[in-house]
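Trainee: Dropping the structure in here first, questions after.
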Amino acid sequence: MRCFDKKIFKGLNATKILAIIVLSSGLFACSSKDDEDPSTKIAELTELDNAFEVKVLWDRSVGDGVSDYFSRIKPIVAYNKVYSASRMGDVIAFDKESGKKIWQADLSDIHNKRSFWDSRVSALVAGGPTAGLNKVFIGTENGDIFALDAQTGELVWQGKVKGEIITPPAIDSGILVVNSASGILQAFDASNGEVLWKAEQDVPALTLRGISTPVIASGGVLVGSGKGELGVYILEKGQAGWLTEVGEATGSTELQRVIDLDSAPVVFGDKVYAISARGNLVAIELQSGRILWKRQYSSYRQIAVYRNDIFITTTRGHIYALSRLNGIERWSNVVLTNREVTGPAVVGKYIVVGDFEGYLHWLDQETGEIVSRHKVDSSGIHSTPTVVDDIMYSQSRDGDLQVIVTPKIVSTAQ
């Protein structure tokens, strides 16, 4: 049984810690196998004859990573570069093809005020990066939002939001939208940092350590709330539109009724798909907010929509494939139970998830069978891998960034 590092609780209040312990199957107390609760038992990996061996194009370090802190930092690809960051404040741009470092910025001393005698103080980076308008945007738990030049790493502008920024901002039509843990949704002019509008959502007294990443589509900003609702705001002015309930509070205590919608909604055509930490996976009509169908699944991980399928990882690390059209389950895989499995990423004929021991697992899209496995770093994989043009970018908790190619072979189901 794995003993969890106490550092993951830094910055959390007592109620949030309780909610995470109850709702996230990744957090367990240390115990002997004799008195281990079967519901919290971590699945052991069995031997696997890999159907293929992946190719690592390059491997680089991004500072000290995020350690054991809650974080959604993950690499992104833009402007022929790969951008990533560490919690301490290192933001690095690598050449996409070679992995050569192009530039590095230090958000912990972005104004160059630290003297030789001063100790480095963490910038507490937790949101981003996001790219747009030839800039890279990064948010911190201090509520700072930084806009860096994508080519040089120089600071273009700096803004402030009330509350922690622990999800990537969203950008479209020259507007940058930031969601904070205090329920503040704030829009900036992405070119100069001017505040355009601000909206405030109610935040329950008891929530998970996480908030929804805003998603911009069809002139609206979609964002989930701690009350388990998905809402839309008009991108240009910030006026509220429809509001739809996704989470479903069924318990008798406040703790049992935590129903955060922390996973980013996914827009596919004229529909949007969302899932809550306790409650439902739903398909919603984008224009009206009307629920088309819903199924009882719970997750705070990112979901993936590909063609006619939805892939999800539940709070217990179970992986499911469902029909995008009606929510009917196609297959399930429970062999990674309680391994703190990331959200699924689609790579060719496979989906890929990471786990707390640093393994990436390739599952056949048609059957859900794990066909290959690759270890990035023993510190663990904390965020859903990024996939661009079937090339995967995965970063470990210690900051080990690997760029991985999956061989194009025929699916085992064919």
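Identifiers for the structure tokens are assigned positionally: chains receive A, B, ... in sequence, residues are indexed from 1 per chain, and ligands are indexed from 1 in the order shown.
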If we count only C-alpha atoms and set the cut-off at 6 Å, which residues sit around range 226-231 of chain A, ignoring sequence neighbours fewer than 6 positions away in its own chain? Please answer as a list in words.
Mentor: Val203, Trp242, Leu243, Thr244, Glu245, Val246, Gly247, Ile259, Asp260 and Leu261 of chain A
Trainee: So which residues touch range 395-410 of chain A within 6 Å, counting only C-alpha atoms, skipping near sequence neighbours fewer than 3 positions away, as a PDB file with N, CA and C atoms, in the first residue's frame?
Mentor:
ATOM      1  N   VAL A  54       7.301   1.616 -27.911  1.00  0.00           N
ATOM      2  CA  VAL A  54       7.193   2.991 -28.380  1.00  0.00           C
ATOM      3  C   VAL A  54       8.586   3.570 -28.602  1.00  0.00           C
ATOM      4  N   LYS A  55       8.635   4.658 -29.350  1.00  0.00           N
ATOM      5  CA  LYS A  55       9.897   5.348 -29.610  1.00  0.00           C
ATOM      6  C   LYS A  55       9.885   6.699 -28.911  1.00  0.00           C
ATOM      7  N   VAL A  56      10.897   6.954 -28.096  1.00  0.00           N
ATOM      8  CA  VAL A  56      11.033   8.257 -27.426  1.00  0.00           C
ATOM      9  C   VAL A  56      11.888   9.152 -28.309  1.00  0.00           C
ATOM     10  N   LEU A  57      11.269  10.189 -28.859  1.00  0.00           N
ATOM     11  CA  LEU A  57      11.989  11.090 -29.766  1.00  0.00           C
ATOM     12  C   LEU A  57      12.994  11.937 -29.005  1.00  0.00           C
ATOM     13  N   TRP A  58      12.582  12.473 -27.874  1.00  0.00           N
ATOM     14  CA  TRP A  58      13.507  13.193 -26.999  1.00  0.00           C
ATOM     15  C   TRP A  58      12.944  13.256 -25.600  1.00  0.00           C
ATOM     16  N   ASP A  59      13.845  13.514 -24.662  1.00  0.00           N
ATOM     17  CA  ASP A  59      13.526  13.493 -23.235  1.00  0.00           C
ATOM     18  C   ASP A  59      14.248  14.670 -22.588  1.00  0.00           C
ATOM     19  N   ARG A  60      13.469  15.572 -21.962  1.00  0.00           N
ATOM     20  CA  ARG A  60      14.077  16.749 -21.349  1.00  0.00           C
ATOM     21  C   ARG A  60      13.513  16.957 -19.948  1.00  0.00           C
ATOM     22  N   SER A  61      14.177  17.799 -19.165  1.00  0.00           N
ATOM     23  CA  SER A  61      13.731  18.105 -17.810  1.00  0.00           C
ATOM     24  C   SER A  61      13.118  19.500 -17.765  1.00  0.00           C
ATOM     25  N   VAL A  62      11.973  19.611 -17.077  1.00  0.00           N
ATOM     26  CA  VAL A  62      11.307  20.907 -16.882  1.00  0.00           C
ATOM     27  C   VAL A  62      11.406  21.261 -15.401  1.00  0.00           C
ATOM     28  N   GLY A  63      12.524  21.823 -15.008  1.00  0.00           N
ATOM     29  CA  GLY A  63      12.761  22.168 -13.611  1.00  0.00           C
ATOM     30  C   GLY A  63      12.573  20.968 -12.703  1.00  0.00           C
ATOM     31  N   ASP A  64      11.937  21.210 -11.564  1.00  0.00           N
ATOM     32  CA  ASP A  64      11.649  20.132 -10.615  1.00  0.00           C
ATOM     33  C   ASP A  64      10.215  19.640 -10.725  1.00  0.00           C
ATOM     34  N   GLY A  65       9.526  19.996 -11.810  1.00  0.00           N
ATOM     35  CA  GLY A  65       8.165  19.523 -12.003  1.00  0.00           C
ATOM     36  C   GLY A  65       7.194  20.096 -10.988  1.00  0.00           C
ATOM     37  N   VAL A  66       6.242  19.249 -10.557  1.00  0.00           N
ATOM     38  CA  VAL A  66       5.203  19.705  -9.616  1.00  0.00           C
ATOM     39  C   VAL A  66       5.281  18.977  -8.284  1.00  0.00           C
ATOM     40  N   SER A  67       6.238  18.055  -8.141  1.00  0.00           N
ATOM     41  CA  SER A  67       6.370  17.259  -6.921  1.00  0.00           C
ATOM     42  C   SER A  67       5.044  16.562  -6.613  1.00  0.00           C
ATOM     43  N   SER A 379       8.303   8.923 -10.486  1.00  0.00           N
ATOM     44  CA  SER A 379       7.602   9.920  -9.669  1.00  0.00           C
ATOM     45  C   SER A 379       6.120   9.981  -9.986  1.00  0.00           C
ATOM     46  N   GLY A 380       5.709   9.431 -11.124  1.00  0.00           N
ATOM     47  CA  GLY A 380       4.295   9.365 -11.467  1.00  0.00           C
ATOM     48  C   GLY A 380       3.882  10.349 -12.550  1.00  0.00           C
ATOM     49  N   ILE A 381       2.794  10.012 -13.239  1.00  0.00           N
ATOM     50  CA  ILE A 381       2.207  10.884 -14.247  1.00  0.00           C
ATOM     51  C   ILE A 381       0.967  11.514 -13.622  1.00  0.00           C
ATOM     52  N   ILE A 391       1.565  12.298 -31.993  1.00  0.00           N
ATOM     53  CA  ILE A 391       2.770  12.313 -31.165  1.00  0.00           C
ATOM     54  C   ILE A 391       2.354  12.731 -29.758  1.00  0.00           C
ATOM     55  N   MET A 392       2.821  11.993 -28.766  1.00  0.00           N
ATOM     56  CA  MET A 392       2.388  12.210 -27.393  1.00  0.00           C
ATOM     57  C   MET A 392       3.470  12.906 -26.576  1.00  0.00           C
TER      58      MET A 392
END
Trainee: Give me, please, the distance in Å between CA of Ser39 in chain A and CA of Gly327 in chain A, quoted to one decimal.
Mentor: 25.8 Å
Trainee: For range 169-184 of chain A, please output as a PyMOL selection string all residues within 6 Å (counting only C-alpha atoms; exclusion window: fewer than 2 positions along the same chain).
Mentor: chain A and resi 163-165+186-190+199-201+203+214
Trainee: With only C-alpha atoms counted and 12 Å as the cut-off, give the residues of range 323-353 of chain A in contact with range 271-278 of chain A, each with its shortest interatomic distance in Å and the pair that gives it, as JSON lines.
Mentor:
{"residue": "A:Ser323", "atom": "CA", "partner": "A:Tyr273", "partner_atom": "CA", "distance": 11.8}
{"residue": "A:Arg324", "atom": "CA", "partner": "A:Tyr273", "partner_atom": "CA", "distance": 8.8}
{"residue": "A:Leu325", "atom": "CA", "partner": "A:Lys271", "partner_atom": "CA", "distance": 10.1}
{"residue": "A:Asn326", "atom": "CA", "partner": "A:Tyr273", "partner_atom": "CA", "distance": 11.6}
{"residue": "A:Gly327", "atom": "CA", "partner": "A:Tyr273", "partner_atom": "CA", "distance": 10.4}
Trainee: What does the distance from CA of Leu107 in chain A to CA of Thr130 in chain A come to in Å, to one decimal?
Mentor: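 If I compute the distance from CA of Leu107 in chain A to CA of Thr130 in chain A, I get 15.2 Å.
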Trainee: Ranking A:Val267, A:Val195, A:Val161, A:Val91 by minimum distance to Gly220 in chain A and counting only C-alpha atoms, which one comes first?
Mentor: A:Val267
Trainee: Provide the CA of Ser394 in chain A to CA of Val353 in chain A distance in Å, to one decimal place.
Mentor: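 A separation of 10.1 Å between them.
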Trainee: Excluding Val232 in chain A and residues on its chain fewer than 4 positions from it, collect all residues at most 9 Å away from it, counting only C-alpha atoms, and give them as a list in words.
Mentor: Gly220, Val221, Leu222, Val223, Gly224, Gln239, Ala240, Gly241, Trp242, Leu243 and Gly289 of chain A
Trainee: Using only C-alpha atoms, which residues sit within 10 Å of Val125 in chain A once same-chain residues fewer than 6 positions away are excluded, as number ranges by chain?
Mentor: A: 66, 71-73, 85-91, 107-108, 138-145, 164-167
Trainee: Hey, what's within 10 Å of Lys81 in chain A if we count only C-alpha atoms and toss same-chain stuff fewer than 6 positions away? As a PyMOL selection string, please?
Mentor: chain A and resi 92-102+150-151
